[in-house]
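Novice: Let me begin by handing over the structure; questions about it come next.
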Amino acid sequence: MAIRLWPQDYERKEHITRAEKSLLRNASRNFKSGHIVVSIDPIGMSTSTVKMGMYISPSEGLITFSIYPGKIEGKNIGIYQAYVHMVEDKIYDRLLDSKILIVRDGDYKCLKFPYKHIIIFPEERVGKVDVSKGQLSQLKNYATFDFFRPITSEGKEKTVSQLGIFKRIRKTYDASFSGISDVECRAIFERLAPEYTVIMTETEDVQVPEKKIHINRDLKITGKEMEYKTFFLDEYQVAQVNDIGTGHRVILANPGAGKSVLLLSKAFKYASMYKDSRVLLTCYNNNLADSYNFKCACANFGENKKLYIMTFHKLVKKIYEECLKQRMNSAFATDEEIQKCIDLIHAGKIQLRFKAIFIDEVQNFDPLYLELCYLLLDQEDDWTFLMVGDLNQAVRAQSRKGDVPWKRIRGAKLDFTGRVRYIEKNYRNSKEIGEYIYGMLTLMNKRFSMLNMINSMEYEYNSFTMGNKPAIALQIKTGIKRGEIKKQVSAAIKEIVEKYKVSYSDIAVLFPFRQKKYLSYYFLYWLTQALEEDGIPYSMIIPSVERQQSRSRYSNTKGVVVSTIESSLGLDFKAVILAGLFPYNYIFPDERSSVEIKTWAGIKKMSEAEQNLVQSQMRSIYTACSRARDILYVLSDLKPGSPMEEILKK
């Protein structure tokens, strides 16, 4: 393992201090392997003056460090020592919650590898420390000023053990330690530098090795130790996380580009850097917010009172209940309730403010929503207003011709020239699935542009790249009779489970509407009936209209995930079955009327509002297909020859 620096482009990052840059510079020249990370906040104790980081040596163990400015004070030796012990205890306990990082002896556990926390004094030099010999000898057990000069007089690499950092380790570890693996490195990062990892809701099947070892008898197995599937961010993503820009910006990205991952990581980074300020991450639907909160809890940010993660409607609810001491009429804020909040902010009656606001799936936000969010910024200091989305995933009808919501924030007068960035890389979809949805995307946008429904010159609507991983399965079935759709879905689930050895919990069934009574089409009822008849376990991440079945939290689902397309925004699954498309033969200006979508020429003759409905429905098909990582089944009962079916077939 060659040495990897986090972040790699540290020289250009203003929030990385001079001492941290010096440390990374020396590490790049002198350390031959492992990971060295700066500007992290593993236990919430990093400050504007005392920065924290870590070095993982594959052959020697883990060091976490605090960089102290200034000179060593002899009178503070006891304070330094107490600080190191406190930090060490907290980090050690955090690492012990990982199944991958521990061994056990009966009911007791310890780390697999040596671990030590130290203080680094970058301004001190060997032989010039102004403390007594006794104090210096004591100090060397938990602090160093030699870490910035890891070269021996012979010019050979100086190992961590030669620096004496692991002498008198307070914490126990497996004495048969032989090295830290890549998997163990990821587990360390997931607990100590969560902004650099992607954590899935899938648990890893990890067996904790059992050995006869001498360990402290107060470190008991709790049963809460677990391991989730975790991935490292790549260098590009790490650079984006550390792009600490101010002002207003927009990031546009295709599905699978990791925009939600980046947004959460940025929220972690800002919350760590600005501990005295509030940071808001808001999104469109409950399931994405639940996914965010699950990852936040795993990352040890669950107790951070300054980091707010919630849907926009829960944000309005919070304003009503905590600031106005009132209750909203329902779980979803009306335009009148939102406008009331805006008016009261202007009147100085609402004081809630945020230093940084991150908005996910911004293409589905109404300009009124964005206006309220913008007014909640604390604009007396450097502030950040970052909106992230994908114009091709607008599952709600929007205004036409590129009239994007962030350009219609009333009273803001924001100039977005040079402030829109594109991310094309696809981390999610396998090659064949990526090619399929890219073909769908280009066909849709070509048609919309020809019909003057979008302004293709203003935004790069077709920015999309394919992954290299081959798909497991891609099946497109059209012409299914509406009465047969539930049997086809059930059969597809069984085929995916039996033929491709995929578990039920890795499969999602996505559909546009629970039901359309106007068409006597009750897809959700038919689907759940078929699943129960065939003994297929499932969880709904939407409430059921027919049976009033409670919604499952996305992070706590068991069995096949059942969801509308809209509620799946921001989520992804190993296998996706898209079905229940028959209502997409029509658009529904209201609940009591429908307009059939027969031809592209017919769409051209529609009103602007009706064209927007057509566009949002077509884009929702694209959105649903893009949720699939490895397996995609499209089961269509659309009418043959319709524009909607053409989108699927061509």
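Convention: chains lettered A, B, ... in structure tokens order; per-chain residue numbering from 1; ligands numbered from 1 as shown.
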Write out as a list in words the residues lying within 12 Å of stretch 325-330 of chain A, counting only C-alpha atoms and excluding same-chain residues fewer than 3 positions away.
Specialist: His313, Lys314, Leu315, Val316, Lys317, Lys318, Ile319, Tyr320, Glu321, Glu322, Ala333, Thr334, Asp335, Glu336, Glu337, Ile338, Lys340, Cys341, Lys349 and Ile350 of chain A
Novice: Between stretch 172-216 of chain A and stretch 565-573 of chain A, at 12 Å or less, what are the per-residue closest atom pairs and their distances in Å? Count only C-alpha atoms, order by chain and rising residue number, and return it as a tab-separated table.
Specialist:
residue	atom	partner	partner_atom	distance
A:Met200	CA	A:Asp572	CA	10.0
A:Thr201	CA	A:Phe573	CA	10.5
A:Glu202	CA	A:Phe573	CA	10.5
Novice: Could you please determine the separation between atom CA of A:Ser539 and atom CA of A:Tyr292 in Å, to one decimal place?
Specialist: 19.0 Å
Novice: Neighbouring residues of A:Tyr236 were defined as those with any atom within 12 Å, considering only C-alpha atoms; residues of the same chain fewer than 5 positions away were excluded. Please report them as a ChimeraX atom specification.
Specialist: /A:6-9,196,241-243,257-258,262,423-425
Novice: Which residues are close to A:Cys185, i.e. within 10 Å by only C-alpha atoms, leaving aside same-chain residues fewer than 5 positions away? Reply as a list in words.
Specialist: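 The filter keeps Gly34, His35, Ile56, Ser57, Pro58, Leu62, Ile100, Leu101, Ile180, Glu190 and Phe232 of chain A.
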Novice: Using only C-alpha atoms, which residues sit within 12 Å of A:Thr246 once same-chain residues fewer than 4 positions away are excluded, as number ranges by chain?
Specialist: A: 250, 270, 355-358, 377, 379, 381-386, 419
Novice: For the residues selected in the previous step, produce a file with all heavy atoms as a short mmCIF file (atom, residue, chain, number, x, y, z; two decimals), in the first residue's frame.
Specialist:
data_model
loop_
_atom_site.label_atom_id
_atom_site.label_comp_id
_atom_site.auth_asym_id
_atom_site.auth_seq_id
_atom_site.Cartn_x
_atom_site.Cartn_y
_atom_site.Cartn_z
N VAL A 250 -24.30 25.90 -7.55
CA VAL A 250 -25.14 24.78 -7.98
C VAL A 250 -24.24 23.68 -8.52
O VAL A 250 -23.30 23.96 -9.27
CB VAL A 250 -26.15 25.21 -9.07
CG1 VAL A 250 -26.94 24.00 -9.57
CG2 VAL A 250 -27.10 26.28 -8.55
N TYR A 270 -18.34 20.85 7.26
CA TYR A 270 -18.70 22.18 7.75
C TYR A 270 -19.08 22.15 9.23
O TYR A 270 -18.72 23.05 9.99
CB TYR A 270 -19.86 22.75 6.93
CG TYR A 270 -19.43 23.49 5.68
CD1 TYR A 270 -18.99 22.80 4.57
CD2 TYR A 270 -19.46 24.87 5.62
CE1 TYR A 270 -18.59 23.46 3.41
CE2 TYR A 270 -19.07 25.56 4.48
CZ TYR A 270 -18.63 24.84 3.37
OH TYR A 270 -18.24 25.50 2.25
N LYS A 355 -25.22 28.92 9.03
CA LYS A 355 -24.02 29.40 8.33
C LYS A 355 -23.90 28.75 6.96
O LYS A 355 -23.43 29.38 6.00
CB LYS A 355 -22.75 29.09 9.13
CG LYS A 355 -21.49 29.63 8.48
CD LYS A 355 -20.27 29.35 9.33
CE LYS A 355 -19.03 29.98 8.72
NZ LYS A 355 -19.06 31.44 8.70
N ALA A 356 -24.31 27.49 6.87
CA ALA A 356 -24.24 26.77 5.59
C ALA A 356 -25.55 26.02 5.39
O ALA A 356 -26.07 25.40 6.32
CB ALA A 356 -23.07 25.79 5.58
N ILE A 357 -26.08 26.10 4.17
CA ILE A 357 -27.31 25.37 3.82
C ILE A 357 -27.03 24.56 2.56
O ILE A 357 -26.57 25.10 1.55
CB ILE A 357 -28.50 26.32 3.60
CG1 ILE A 357 -28.85 27.03 4.90
CG2 ILE A 357 -29.71 25.55 3.07
CD1 ILE A 357 -30.01 28.02 4.78
N PHE A 358 -27.28 23.25 2.66
CA PHE A 358 -27.09 22.34 1.54
C PHE A 358 -28.46 21.78 1.14
O PHE A 358 -29.19 21.26 2.00
CB PHE A 358 -26.16 21.19 1.92
CG PHE A 358 -24.81 21.66 2.40
CD1 PHE A 358 -24.52 21.74 3.76
CD2 PHE A 358 -23.83 22.03 1.50
CE1 PHE A 358 -23.29 22.17 4.21
CE2 PHE A 358 -22.59 22.46 1.94
CZ PHE A 358 -22.32 22.54 3.29
N LEU A 377 -30.24 32.00 5.88
CA LEU A 377 -28.78 32.10 5.93
C LEU A 377 -28.34 33.22 6.86
O LEU A 377 -28.95 34.30 6.88
CB LEU A 377 -28.23 32.38 4.54
CG LEU A 377 -28.04 31.19 3.61
CD1 LEU A 377 -27.75 31.69 2.20
CD2 LEU A 377 -26.91 30.29 4.09
N GLN A 379 -26.00 35.81 6.88
CA GLN A 379 -25.18 36.45 5.86
C GLN A 379 -24.28 37.55 6.40
O GLN A 379 -23.72 38.35 5.64
CB GLN A 379 -26.08 36.99 4.74
CG GLN A 379 -26.86 35.90 4.03
CD GLN A 379 -27.55 36.38 2.77
OE1 GLN A 379 -27.10 37.32 2.13
NE2 GLN A 379 -28.65 35.75 2.42
N ASP A 381 -21.49 36.81 7.90
CA ASP A 381 -20.15 36.24 7.83
C ASP A 381 -20.09 35.42 6.55
O ASP A 381 -21.04 35.37 5.78
CB ASP A 381 -19.89 35.37 9.07
CG ASP A 381 -18.41 35.15 9.30
OD1 ASP A 381 -17.62 35.55 8.44
OD2 ASP A 381 -18.06 34.56 10.33
N ASP A 382 -18.95 34.74 6.31
CA ASP A 382 -18.87 33.84 5.17
C ASP A 382 -19.97 32.80 5.29
O ASP A 382 -20.13 32.16 6.33
CB ASP A 382 -17.51 33.15 5.15
CG ASP A 382 -16.39 34.11 4.80
OD1 ASP A 382 -16.70 35.18 4.28
OD2 ASP A 382 -15.22 33.77 5.08
N TRP A 383 -20.71 32.61 4.22
CA TRP A 383 -21.82 31.67 4.25
C TRP A 383 -21.80 30.84 2.98
O TRP A 383 -21.16 31.19 1.98
CB TRP A 383 -23.16 32.41 4.37
CG TRP A 383 -23.33 33.52 3.38
CD1 TRP A 383 -22.97 34.82 3.55
CD2 TRP A 383 -23.89 33.43 2.06
NE1 TRP A 383 -23.26 35.56 2.42
CE2 TRP A 383 -23.82 34.73 1.49
CE3 TRP A 383 -24.44 32.39 1.31
CZ2 TRP A 383 -24.28 35.01 0.21
CZ3 TRP A 383 -24.90 32.67 0.03
CH2 TRP A 383 -24.82 33.96 -0.51
N THR A 384 -22.48 29.71 3.03
CA THR A 384 -22.53 28.80 1.88
C THR A 384 -23.97 28.40 1.61
O THR A 384 -24.70 28.01 2.53
CB THR A 384 -21.69 27.53 2.15
OG1 THR A 384 -20.32 27.92 2.28
CG2 THR A 384 -21.82 26.54 1.00
N PHE A 385 -24.37 28.50 0.36
CA PHE A 385 -25.71 28.10 -0.07
C PHE A 385 -25.52 27.22 -1.30
O PHE A 385 -25.39 27.71 -2.42
CB PHE A 385 -26.55 29.34 -0.41
CG PHE A 385 -28.02 29.08 -0.61
CD1 PHE A 385 -28.79 28.60 0.41
CD2 PHE A 385 -28.63 29.35 -1.83
CE1 PHE A 385 -30.16 28.37 0.25
CE2 PHE A 385 -29.99 29.13 -2.02
CZ PHE A 385 -30.75 28.64 -0.98
N LEU A 386 -25.43 25.91 -1.07
CA LEU A 386 -25.09 24.97 -2.14
C LEU A 386 -26.31 24.13 -2.50
O LEU A 386 -26.87 23.43 -1.65
CB LEU A 386 -23.95 24.05 -1.69
CG LEU A 386 -23.52 22.97 -2.68
CD1 LEU A 386 -23.07 23.56 -4.00
CD2 LEU A 386 -22.42 22.09 -2.09
N ARG A 419 -21.06 29.69 -11.70
CA ARG A 419 -21.32 29.05 -10.41
C ARG A 419 -22.08 27.73 -10.54
O ARG A 419 -22.62 27.23 -9.57
CB ARG A 419 -22.08 30.00 -9.48
CG ARG A 419 -21.24 31.19 -9.02
CD ARG A 419 -22.01 32.12 -8.11
NE ARG A 419 -21.15 33.16 -7.56
CZ ARG A 419 -20.50 33.07 -6.41
NH1 ARG A 419 -20.60 31.97 -5.68
NH2 ARG A 419 -19.75 34.06 -5.98
#
Novice: One decimal, in Å: what's the spacing between atom CA of A:Glu204 and atom CA of A:Tyr504?
Specialist: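 If I compute the distance from atom CA of A:Glu204 to atom CA of A:Tyr504, I get 16.1 Å.
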Novice: Select, from A:Phe268, A:Phe588, A:Tyr55, A:Phe31, the residue with the minimum atom-to-atom distance to A:Tyr518, counting only C-alpha atoms.
Specialist: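 The answer is A:Phe588, which sits nearest to A:Tyr518.
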Novice: Which of these, A:Ser272, A:Ser505, A:Asn429, A:Asn556, has the shortest distance to A:Asn254 once you count only C-alpha atoms?
Specialist: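 Comparing A:Ser272, A:Ser505, A:Asn429, A:Asn556 against A:Asn254, the winner is A:Asn429.
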Novice: Applying 7 Å and only C-alpha atoms, which residues near A:Thr311 remain after dropping the ones on its own chain fewer than 6 positions away? List them as a list in words.
Specialist: Thr282, Cys283, Tyr284, Asn285, Asn286 and Ala289 of chain A
Novice: Could you tell me how far atom CA of A:Gln81 lies from atom CA of A:Ser66, in Å and to one decimal?
Specialist: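 So the two atoms, atom CA of A:Gln81 and atom CA of A:Ser66, lie 12.3 Å apart.
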Novice: Restricting the calculation to only C-alpha atoms: of A:Leu252, A:Val560, A:Lys598, A:Gln135, which residue gets closest to A:Ser503?
Specialist: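 Residue with the minimum atom-to-atom distance to A:Ser503: A:Val560.
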Novice: Identify all residues of stretch 23-98 of chain A in strand (DSSP E or B) (DSSP on the backbone) and supply them as a VMD selection string.
Specialist: chain A and resid 33 35 to 40 51 to 57 61 to 67 98
Novice: What lies within 12 Å of A:Lys21 using only C-alpha atoms, ignoring chain neighbours under 2 positions off, as JSON, numbers by chain?
Specialist: {"A": [5, 6, 7, 8, 9, 10, 11, 12, 13, 14, 15, 16, 17, 18, 19, 23, 24, 25, 26, 27, 28, 36, 37, 38, 39, 51, 53, 67, 122, 148]}
Novice: With C-alpha atoms retained, could you export that selection as a CSV table (one decimal), in the first residue's frame?
Specialist:
chain,number,residue,atom,x,y,z
A,5,LEU,CA,-2.6,11.7,1.7
A,6,TRP,CA,-6.1,12.9,2.6
A,7,PRO,CA,-6.7,15.4,1.0
A,8,GLN,CA,-4.2,14.9,-1.9
A,9,ASP,CA,-4.5,18.5,-3.2
A,10,TYR,CA,-3.9,20.0,0.3
A,11,GLU,CA,-1.7,22.8,-1.0
A,12,ARG,CA,-4.6,24.6,-2.6
A,13,LYS,CA,-7.0,24.2,0.4
A,14,GLU,CA,-7.2,27.3,2.6
A,15,HIS,CA,-8.7,25.5,5.5
A,16,ILE,CA,-5.7,23.2,5.8
A,17,THR,CA,-3.3,24.9,8.2
A,18,ARG,CA,0.4,25.5,7.6
A,19,ALA,CA,1.3,22.9,10.1
A,23,LEU,CA,3.0,17.3,8.0
A,24,LEU,CA,1.5,16.0,4.7
A,25,ARG,CA,4.5,17.4,2.7
A,26,ASN,CA,6.9,15.4,4.9
A,27,ALA,CA,4.7,12.3,4.8
A,28,SER,CA,4.7,12.3,1.0
A,36,ILE,CA,-2.2,10.0,6.7
A,37,VAL,CA,-5.3,12.3,7.2
A,38,VAL,CA,-5.6,15.8,8.5
A,39,SER,CA,-8.5,18.1,9.5
A,51,LYS,CA,-6.5,20.3,14.6
A,53,GLY,CA,-5.7,13.8,12.2
A,67,ILE,CA,-1.6,19.5,16.5
A,122,PRO,CA,5.2,21.5,15.2
A,148,PHE,CA,7.8,16.3,11.2
Novice: If you run DSSP on this backbone, which residues of stretch 153-303 of chain A come out as alpha helix (DSSP H), and could you give them as a PyMOL selection string?
Specialist: chain A and resi 182-192+235-241+259-273+286-298
Novice: Calculated over only C-alpha atoms, which of the candidates A:Leu324, A:Ile102, A:Leu139, A:Ile345 has the smallest distance to A:Asn76?
Specialist: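 Selected residue with least distance to A:Asn76: A:Leu139.
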